[in-house]
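Input: a single structure, listed below in C-alpha cells.
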Amino acid sequence: MSASIVLKRTGQKMPQVGFGLWKVTKSTCADTVYNALKAGYRLLDGAGDYGNEKEAGEGLRRAISDGIVKREDVFVTSKLWNTFHAREHVGALARKQLGLWGIDYFDLFLIHFPIALQYVDPAHRYPPEWFGDDGKVYLANVPFSETWGAMETLVDEGLVKNIGVSNCQGALLLDVLRYAKYAPAVNQVELHPYLSQEALIKLCNTLGVAITAYSSLGPQSYVELGGSKGAENLLQHSAVASIASKHSKSTAQVLLRWAVQQGLAVIPKSNNHDRLVQNLQVEQFTLTDDEMKQLSSLNVNLRLNDPADIDPRMAIFA
Ligand code: A2P
C-alpha cells in the first residue's frame with residue numbers, strides 16, 4: 001500500500017501513488033483498471049474528458065465483486081469538463097459521470113481547467129472536448145466562483161467527498177479561498193523536473209492544499225499525442241539515468257520518487273502491465289538531498305499541457 005496524504009477538511013487519506021486514466025485505451029481500460037487494483041493501486045484518477053469512465057467503472061466494479069477491493073478502499077477521482085461550468089450543469093454532469101462509473105460518490109471531484117466553454121449537450125457529443133462542431137473554441141462567461149459554489153453543493157448532496165481544482169496558479173487559488181465555504185482540497189497540476197513549480201508547491205503547502213503532479217515523466221507523457229515539443233526525453237536524461245543506476249531503479253521510478261519525496265501525489269498511467277506495476281514501487285528507496293537537488297535543477301519551466309497552444313484566449317498560465 002502506498003503512503004497517503006491527509007486531506008484538510010475531511011481528514012480523508014489520499015494515496016500518494018495512484019493510477020492515471022488519461023490515455024488509457026478504451027477497449028482495454030476495464031481490464032487495465034482491474035489489474036491495477038489487483039496489483040495494489042488504491043487511487044484511480046479519471047475525468048469526463050478521458051472518455052473511458054464507463055470502462056474504468058466496469059473494471060472497478062468487477063474488482064469489487066471479485067473481492068479484490070471494497071469500494072471504500074479505493075479513492076476515485078474524477079473531473080468536471082470545461083463545457084459544464086454553469087451552475088445548472090455541474091450537478092447533472094457529476095450524476096452522469098457517477099452513472100458511467102456505476103458508483104454513488106466520488107472521493108474527489110476537480111474542476112479540470114479554470115476555463116469555461118460553451119455548453120455542449122452530452123446527448124449531442126460526449127466527451128465534448130475543446131471544440132464546437134465547426135472546430136472552433138467557444139468561451140463562456142461563467143465566473144469560477146459560480147462553478148465552485150456548485151461544486152460545494154455536490155459535497156452537501158453527498159455526491160462527492162472532497163472537491164478541488166486542476167491547472168490552477170496561485171492568484172486563482174487565493175481568490176477561491178476568499179469566497180469558498182469548502183477550500184479546495186487538491187490542486188492537480190503538470191509537474192516534473194522540467195517544470196518543477198517550486199513557488200506553487202510552497203504556496204499550496206502553506207495553504208494546506210495537496211498537490212497531485214500529473215505528467216511526472218515529463219515529455220514522455222506527450223509522445224503518444226505527438227506533443228512533446230521536441231524536449232529531451234527525461235527518461236533518457238543522463239542525470240536521471242545516473243541516479244537510477246545508483247539505486248538500481250528505472251528512470252521512471254526516480255522521476256516518480258522525486259515527486260513523492262516532496263510530499264506530492266502522482267498518477268502515472270501505463271497501458272503496459274509491467275510498467276504499471278513498476279510505477280507503484282517508488283516507496284522502497286530514498287533519494288539523497290543532493291540527488292533531489294540535481295533533479296530539481298533540470299527545471300526549464302517547460303509546460304507541455306498549455307491550452308494557449310489550442311487558442312491564445314485560453315492562456316491561463318500567461
Ligand atoms: P505506456 O502506457 O506505453 O506505458 P502520463 O504522464 O500521462 O501518466 O503518461 C505516462 C507515459 O509514460 C505514457 O506514455 C506511458 O506509456 C509511459 N510510461 C508509463 N510508465 C512508464 C515507465 N515505467 N517507463 C517508461 N515509460 C512509462
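Lettering and numbering for the C-alpha cells are positional, with chains as A, B, ... in the shown order, residues counted from 1 in each chain, and ligands counted from 1 in the shown order.
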Chain A residues near ligand 1 within 6 Å, closest pair each, using only C-alpha atoms and all ligand atoms, as JSON lines:
```
{"residue": "A:Gly20", "atom": "CA", "partner": "ligand 1", "partner_atom_place_in_ligand_line": "8 (O)", "distance": 5.8}
{"residue": "A:Trp22", "atom": "CA", "partner": "ligand 1", "partner_atom_place_in_ligand_line": "7 (O)", "distance": 5.8}
{"residue": "A:Tyr214", "atom": "CA", "partner": "ligand 1", "partner_atom_place_in_ligand_line": "6 (O)", "distance": 5.9}
{"residue": "A:Ser215", "atom": "CA", "partner": "ligand 1", "partner_atom_place_in_ligand_line": "6 (O)", "distance": 3.4}
{"residue": "A:Ser216", "atom": "CA", "partner": "ligand 1", "partner_atom_place_in_ligand_line": "6 (O)", "distance": 5.4}
{"residue": "A:Leu217", "atom": "CA", "partner": "ligand 1", "partner_atom_place_in_ligand_line": "6 (O)", "distance": 5.4}
{"residue": "A:Gln220", "atom": "CA", "partner": "ligand 1", "partner_atom_place_in_ligand_line": "12 (O)", "distance": 5.0}
{"residue": "A:Ser221", "atom": "CA", "partner": "ligand 1", "partner_atom_place_in_ligand_line": "9 (O)", "distance": 3.7}
{"residue": "A:Glu224", "atom": "CA", "partner": "ligand 1", "partner_atom_place_in_ligand_line": "14 (O)", "distance": 5.9}
{"residue": "A:Ala252", "atom": "CA", "partner": "ligand 1", "partner_atom_place_in_ligand_line": "23 (N)", "distance": 4.8}
{"residue": "A:Pro268", "atom": "CA", "partner": "ligand 1", "partner_atom_place_in_ligand_line": "8 (O)", "distance": 3.6}
{"residue": "A:Lys269", "atom": "CA", "partner": "ligand 1", "partner_atom_place_in_ligand_line": "8 (O)", "distance": 3.6}
{"residue": "A:Ser270", "atom": "CA", "partner": "ligand 1", "partner_atom_place_in_ligand_line": "2 (O)", "distance": 3.3}
{"residue": "A:Asn271", "atom": "CA", "partner": "ligand 1", "partner_atom_place_in_ligand_line": "2 (O)", "distance": 3.7}
{"residue": "A:Asn272", "atom": "CA", "partner": "ligand 1", "partner_atom_place_in_ligand_line": "4 (O)", "distance": 5.0}
{"residue": "A:Arg275", "atom": "CA", "partner": "ligand 1", "partner_atom_place_in_ligand_line": "23 (N)", "distance": 4.3}
{"residue": "A:Gln278", "atom": "CA", "partner": "ligand 1", "partner_atom_place_in_ligand_line": "23 (N)", "distance": 5.9}
{"residue": "A:Asn279", "atom": "CA", "partner": "ligand 1", "partner_atom_place_in_ligand_line": "23 (N)", "distance": 5.5}
```
Within 12 Å of segment 184-189 of chain A: each segment 130-173 of chain A residue with its shortest pair, only C-alpha atoms, as CSV:
```
residue,atom,partner,partner_atom,distance
A:Trp148,CA,A:Pro184,CA,9.0
A:Gly149,CA,A:Pro184,CA,11.4
A:Met151,CA,A:Pro184,CA,10.0
A:Glu152,CA,A:Pro184,CA,9.7
A:Val155,CA,A:Pro184,CA,11.7
A:Lys161,CA,A:Ala185,CA,10.1
A:Asn162,CA,A:Ala185,CA,6.4
A:Ile163,CA,A:Pro184,CA,5.7
A:Gly164,CA,A:Pro184,CA,4.2
A:Val165,CA,A:Asn187,CA,4.9
A:Ser166,CA,A:Gln188,CA,4.4
A:Asn167,CA,A:Val189,CA,4.9
A:Cys168,CA,A:Asn187,CA,6.8
A:Gln169,CA,A:Val189,CA,9.0
A:Gly170,CA,A:Asn187,CA,10.2
A:Leu172,CA,A:Asn187,CA,11.0
A:Leu173,CA,A:Pro184,CA,8.1
```
Selected residue of minimal separation from Tyr119 of chain A among A:Ile316, A:Ala47, A:Leu93, A:Ala259, counting only C-alpha atoms = A:Leu93
Determine, counting only C-alpha atoms, which protein, DNA and RNA residues have an atom within 10 Å of an atom of Asn141 of chain A; residues of the same chain fewer than 6 positions away are not included. Present the result as a ChimeraX atom specification.
-> /A:85-86,115-118
Running DSSP on the backbone, which parts of segment 56-184 of chain A land in strand (DSSP E), as a compact mmCIF listing (two decimals) with N, CA and C atoms, in the first residue's frame?
```
# COMPACT_ATOMS: atom_id res chain seq x y z
N PHE A 75 -9.85 5.14 -3.73
CA PHE A 75 -10.05 6.58 -3.81
C PHE A 75 -10.28 6.92 -5.29
N VAL A 76 -11.51 7.30 -5.61
CA VAL A 76 -11.83 7.57 -7.02
C VAL A 76 -11.93 9.08 -7.25
N THR A 77 -11.12 9.55 -8.18
CA THR A 77 -11.12 10.96 -8.56
C THR A 77 -11.73 11.11 -9.94
N SER A 78 -12.56 12.15 -10.12
CA SER A 78 -12.97 12.50 -11.47
C SER A 78 -12.95 14.02 -11.62
N LYS A 79 -13.23 14.48 -12.83
CA LYS A 79 -13.10 15.92 -13.10
C LYS A 79 -14.25 16.42 -13.96
N LEU A 80 -14.61 17.66 -13.68
CA LEU A 80 -15.69 18.34 -14.41
C LEU A 80 -15.09 19.03 -15.64
N PHE A 106 -17.94 10.19 -5.62
CA PHE A 106 -16.51 10.32 -5.94
C PHE A 106 -15.79 10.74 -4.65
N ASP A 107 -14.59 10.24 -4.46
CA ASP A 107 -13.79 10.69 -3.31
C ASP A 107 -13.28 12.10 -3.55
N LEU A 108 -13.05 12.42 -4.81
CA LEU A 108 -12.53 13.75 -5.15
C LEU A 108 -13.06 14.14 -6.52
N PHE A 109 -13.56 15.36 -6.62
CA PHE A 109 -14.05 15.87 -7.90
C PHE A 109 -13.35 17.21 -8.14
N LEU A 110 -12.72 17.34 -9.30
CA LEU A 110 -11.92 18.53 -9.59
C LEU A 110 -12.51 19.31 -10.75
N ILE A 111 -12.34 20.62 -10.73
CA ILE A 111 -12.62 21.42 -11.92
C ILE A 111 -11.40 21.25 -12.83
N VAL A 160 -19.97 13.87 -3.72
CA VAL A 160 -18.51 13.87 -3.71
C VAL A 160 -18.03 14.16 -2.30
N LYS A 161 -16.90 13.57 -1.93
CA LYS A 161 -16.41 13.79 -0.55
C LYS A 161 -15.50 15.02 -0.48
N ASN A 162 -14.62 15.13 -1.46
CA ASN A 162 -13.68 16.26 -1.49
C ASN A 162 -13.79 16.94 -2.84
N ILE A 163 -13.53 18.24 -2.85
CA ILE A 163 -13.52 18.96 -4.12
C ILE A 163 -12.19 19.71 -4.27
N GLY A 164 -11.83 19.93 -5.52
CA GLY A 164 -10.57 20.60 -5.76
C GLY A 164 -10.51 21.18 -7.15
N VAL A 165 -9.32 21.62 -7.50
CA VAL A 165 -9.12 22.29 -8.78
C VAL A 165 -7.97 21.61 -9.51
N SER A 166 -7.81 21.98 -10.75
CA SER A 166 -6.69 21.46 -11.53
C SER A 166 -6.21 22.57 -12.45
```
Would you mind listing what lies within 9 Å of Trp130 of chain A as number ranges by chain, with only C-alpha atoms counted and same-chain residues fewer than 3 positions away left out?
-> A: 82-83, 117, 135-138, 310
Could you take the residues named above and write them with C-alpha atoms, as a PDB file, in the first residue's frame?
```pdb
ATOM      1  CA  ASN A  82     -14.935  22.974 -19.239  1.00  0.00           C
ATOM      2  CA  THR A  83     -18.290  22.939 -21.038  1.00  0.00           C
ATOM      3  CA  LEU A 117     -16.501  26.804 -22.611  1.00  0.00           C
ATOM      4  CA  GLY A 135     -13.721  23.052 -34.954  1.00  0.00           C
ATOM      5  CA  LYS A 136     -13.637  26.452 -33.205  1.00  0.00           C
ATOM      6  CA  VAL A 137     -13.271  27.181 -29.482  1.00  0.00           C
ATOM      7  CA  TYR A 138     -16.279  28.897 -27.863  1.00  0.00           C
ATOM      8  CA  ILE A 310      -5.024  25.486 -28.765  1.00  0.00           C
TER       9      ILE A 310
END
```
Which polymer residues have any atom within 8 Å of an atom of segment 88-91 of chain A, counting only C-alpha atoms, with same-chain residues fewer than 4 positions away left out, as number ranges by chain?
-> A: 80, 84, 95, 147, 150-151, 154
Take the residues just selected and output them with all heavy atoms as a CSV table (one decimal), in the first residue's frame.
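Writing the result to part_3.csv gives the following:
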```csv
chain,number,residue,atom,x,y,z
A,80,LEU,N,-14.6,17.7,-13.7
A,80,LEU,CA,-15.7,18.3,-14.4
A,80,LEU,C,-15.1,19.0,-15.6
A,80,LEU,O,-14.1,19.8,-15.5
A,80,LEU,CB,-16.3,19.4,-13.5
A,80,LEU,CG,-17.4,20.2,-14.1
A,80,LEU,CD1,-18.8,19.5,-14.1
A,80,LEU,CD2,-17.6,21.6,-13.4
A,84,PHE,N,-19.1,22.4,-18.8
A,84,PHE,CA,-20.2,22.2,-17.8
A,84,PHE,C,-20.0,23.1,-16.6
A,84,PHE,O,-20.4,22.7,-15.5
A,84,PHE,CB,-20.2,20.7,-17.4
A,84,PHE,CG,-20.3,19.8,-18.6
A,84,PHE,CD1,-19.3,18.9,-18.9
A,84,PHE,CD2,-21.4,19.9,-19.5
A,84,PHE,CE1,-19.4,18.0,-20.0
A,84,PHE,CE2,-21.5,19.0,-20.6
A,84,PHE,CZ,-20.5,18.1,-20.8
A,95,ARG,N,-23.7,13.7,-11.7
A,95,ARG,CA,-24.5,12.5,-11.7
A,95,ARG,C,-24.3,11.6,-12.9
A,95,ARG,O,-24.3,10.4,-12.8
A,95,ARG,CB,-26.0,12.9,-11.6
A,95,ARG,CG,-26.4,13.4,-10.2
A,95,ARG,CD,-27.9,13.8,-10.1
A,95,ARG,NE,-28.2,14.2,-8.8
A,95,ARG,CZ,-27.9,15.4,-8.2
A,95,ARG,NH1,-27.3,16.4,-9.0
A,95,ARG,NH2,-28.2,15.7,-7.0
A,147,THR,N,-19.0,28.2,-10.5
A,147,THR,CA,-18.7,26.8,-10.6
A,147,THR,C,-18.3,26.2,-9.2
A,147,THR,O,-18.7,25.1,-8.9
A,147,THR,CB,-17.5,26.5,-11.6
A,147,THR,OG1,-17.8,27.3,-12.8
A,147,THR,CG2,-17.4,25.1,-12.0
A,150,ALA,N,-21.2,25.6,-7.1
A,150,ALA,CA,-21.9,24.4,-7.5
A,150,ALA,C,-21.2,23.1,-7.1
A,150,ALA,O,-21.8,22.1,-6.7
A,150,ALA,CB,-22.2,24.4,-9.0
A,151,MET,N,-19.9,23.2,-7.0
A,151,MET,CA,-19.1,22.0,-6.6
A,151,MET,C,-19.3,21.8,-5.1
A,151,MET,O,-19.4,20.7,-4.6
A,151,MET,CB,-17.6,22.3,-6.8
A,151,MET,CG,-17.1,22.4,-8.2
A,151,MET,SD,-17.0,20.9,-9.1
A,151,MET,CE,-15.4,20.2,-8.5
A,154,LEU,N,-22.3,19.8,-4.4
A,154,LEU,CA,-22.1,18.4,-4.6
A,154,LEU,C,-21.7,17.7,-3.3
A,154,LEU,O,-22.1,16.6,-3.0
A,154,LEU,CB,-21.1,18.1,-5.7
A,154,LEU,CG,-21.3,18.6,-7.1
A,154,LEU,CD1,-20.2,18.2,-8.0
A,154,LEU,CD2,-22.7,18.1,-7.6
```
So which residues of segment 182-222 of chain A fall under helix (DSSP H, G or I) by DSSP, listed as a ChimeraX atom specification?
-> /A:198-207,220-222
Selection to disk with N, CA, C and O atoms, as a PDB file, in the first residue's frame:
```
ATOM      1  N   GLU A 198       8.265  25.194  -8.010  1.00  0.00           N
ATOM      2  CA  GLU A 198       8.608  25.313  -6.587  1.00  0.00           C
ATOM      3  C   GLU A 198       7.751  26.338  -5.852  1.00  0.00           C
ATOM      4  O   GLU A 198       7.334  26.114  -4.711  1.00  0.00           O
ATOM      5  N   ALA A 199       7.460  27.465  -6.503  1.00  0.00           N
ATOM      6  CA  ALA A 199       6.673  28.518  -5.835  1.00  0.00           C
ATOM      7  C   ALA A 199       5.245  28.034  -5.573  1.00  0.00           C
ATOM      8  O   ALA A 199       4.663  28.317  -4.512  1.00  0.00           O
ATOM      9  N   LEU A 200       4.689  27.303  -6.517  1.00  0.00           N
ATOM     10  CA  LEU A 200       3.317  26.799  -6.341  1.00  0.00           C
ATOM     11  C   LEU A 200       3.270  25.744  -5.226  1.00  0.00           C
ATOM     12  O   LEU A 200       2.332  25.726  -4.413  1.00  0.00           O
ATOM     13  N   ILE A 201       4.287  24.909  -5.164  1.00  0.00           N
ATOM     14  CA  ILE A 201       4.338  23.893  -4.090  1.00  0.00           C
ATOM     15  C   ILE A 201       4.376  24.591  -2.727  1.00  0.00           C
ATOM     16  O   ILE A 201       3.642  24.238  -1.802  1.00  0.00           O
ATOM     17  N   LYS A 202       5.214  25.628  -2.645  1.00  0.00           N
ATOM     18  CA  LYS A 202       5.355  26.367  -1.378  1.00  0.00           C
ATOM     19  C   LYS A 202       4.014  26.983  -0.976  1.00  0.00           C
ATOM     20  O   LYS A 202       3.592  26.895   0.178  1.00  0.00           O
ATOM     21  N   LEU A 203       3.337  27.600  -1.948  1.00  0.00           N
ATOM     22  CA  LEU A 203       2.048  28.240  -1.651  1.00  0.00           C
ATOM     23  C   LEU A 203       1.027  27.191  -1.200  1.00  0.00           C
ATOM     24  O   LEU A 203       0.333  27.371  -0.190  1.00  0.00           O
ATOM     25  N   CYS A 204       0.933  26.081  -1.943  1.00  0.00           N
ATOM     26  CA  CYS A 204      -0.058  25.050  -1.607  1.00  0.00           C
ATOM     27  C   CYS A 204       0.241  24.441  -0.241  1.00  0.00           C
ATOM     28  O   CYS A 204      -0.678  24.180   0.543  1.00  0.00           O
ATOM     29  N   ASN A 205       1.522  24.243   0.063  1.00  0.00           N
ATOM     30  CA  ASN A 205       1.881  23.727   1.393  1.00  0.00           C
ATOM     31  C   ASN A 205       1.426  24.698   2.472  1.00  0.00           C
ATOM     32  O   ASN A 205       0.903  24.310   3.509  1.00  0.00           O
ATOM     33  N   THR A 206       1.621  25.977   2.225  1.00  0.00           N
ATOM     34  CA  THR A 206       1.224  26.996   3.199  1.00  0.00           C
ATOM     35  C   THR A 206      -0.289  26.999   3.400  1.00  0.00           C
ATOM     36  O   THR A 206      -0.775  27.179   4.513  1.00  0.00           O
ATOM     37  N   LEU A 207      -1.011  26.813   2.308  1.00  0.00           N
ATOM     38  CA  LEU A 207      -2.477  26.883   2.363  1.00  0.00           C
ATOM     39  C   LEU A 207      -3.123  25.562   2.792  1.00  0.00           C
ATOM     40  O   LEU A 207      -4.329  25.516   3.034  1.00  0.00           O
ATOM     41  N   GLN A 220       7.656  12.371 -22.014  1.00  0.00           N
ATOM     42  CA  GLN A 220       7.176  11.025 -22.373  1.00  0.00           C
ATOM     43  C   GLN A 220       5.643  10.943 -22.360  1.00  0.00           C
ATOM     44  O   GLN A 220       5.045  10.260 -23.177  1.00  0.00           O
ATOM     45  N   SER A 221       5.033  11.718 -21.452  1.00  0.00           N
ATOM     46  CA  SER A 221       3.570  11.689 -21.330  1.00  0.00           C
ATOM     47  C   SER A 221       2.891  12.156 -22.612  1.00  0.00           C
ATOM     48  O   SER A 221       1.718  11.873 -22.828  1.00  0.00           O
ATOM     49  N   TYR A 222       3.614  12.931 -23.423  1.00  0.00           N
ATOM     50  CA  TYR A 222       3.005  13.563 -24.600  1.00  0.00           C
ATOM     51  C   TYR A 222       3.444  12.921 -25.909  1.00  0.00           C
ATOM     52  O   TYR A 222       2.957  13.299 -26.969  1.00  0.00           O
TER      53      TYR A 222
END
```
In Å, rounded to a single decimal, give me how far atom CA of Ile211 of chain A is from atom CA of Val176 of chain A.
-> 15.9 Å
Leu298 of chain A surroundings by only C-alpha atoms, 10 Å radius, close-in-sequence under 6 positions cut, as a compact mmCIF listing (two decimals) with N, CA and C atoms, in the first residue's frame:
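Result file selection_28.txt:
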```
# COMPACT_ATOMS: atom_id res chain seq x y z
N HIS A 192 7.02 18.16 -13.18
CA HIS A 192 8.12 17.21 -13.40
C HIS A 192 9.41 18.02 -13.33
N PRO A 193 10.59 17.40 -13.40
CA PRO A 193 11.81 18.19 -13.24
C PRO A 193 12.00 19.32 -14.27
N TYR A 194 11.39 19.24 -15.44
CA TYR A 194 11.48 20.36 -16.39
C TYR A 194 10.49 21.47 -16.04
N LEU A 195 9.55 21.19 -15.13
CA LEU A 195 8.57 22.20 -14.69
C LEU A 195 8.34 21.95 -13.19
N SER A 196 9.31 22.41 -12.40
CA SER A 196 9.34 21.95 -11.00
C SER A 196 8.37 22.71 -10.10
N LEU A 234 13.04 12.92 -20.58
CA LEU A 234 13.59 12.83 -19.22
C LEU A 234 13.98 11.41 -18.85
N HIS A 237 17.48 11.05 -19.88
CA HIS A 237 18.41 12.12 -19.49
C HIS A 237 19.56 11.53 -18.67
N ALA A 239 21.48 12.66 -16.32
CA ALA A 239 21.45 12.90 -14.86
C ALA A 239 20.46 11.95 -14.19
N VAL A 240 19.33 11.75 -14.83
CA VAL A 240 18.29 10.86 -14.26
C VAL A 240 18.79 9.41 -14.33
```
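With only C-alpha atoms as the basis for measurement, A:Lys13 is the residue among A:Ser27, A:Glu157, A:Lys13, A:Asp49 that approaches Asp73 of chain A most closely.
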Counting only C-alpha atoms, the option among A:Leu255, A:Ala63, A:Val260, A:Leu159 closest to Ala92 of chain A |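 Closest to Ala92 of chain A of all the choices is A:Leu159.
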Distance atom CA of Tyr105 of chain A-atom CA of Leu280 of chain A, one decimal place?
->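 Straight-line distance from atom CA of Tyr105 of chain A to atom CA of Leu280 of chain A works out to 25.0 Å.
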What gap, in Å, lies between atom CA of Asp309 of chain A and atom CA of Pro219 of chain A?
->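 Result for atom CA of Asp309 of chain A versus atom CA of Pro219 of chain A: 15.6 Å, one decimal.
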Would you kindly return, as an MDAnalysis selection string, each protein, DNA or RNA residue with an atom no farther than 12 Å from any atom of Lys70 of chain A, considering only C-alpha atoms and excluding same-chain residues fewer than 6 positions away?
-> chainID A and resid 37:38 42 60:64 103
Tell me which of A:Val277, A:Val6, A:Ser250, A:Leu302 sits closest to Glu232 of chain A, counting only C-alpha atoms.
-> A:Leu302
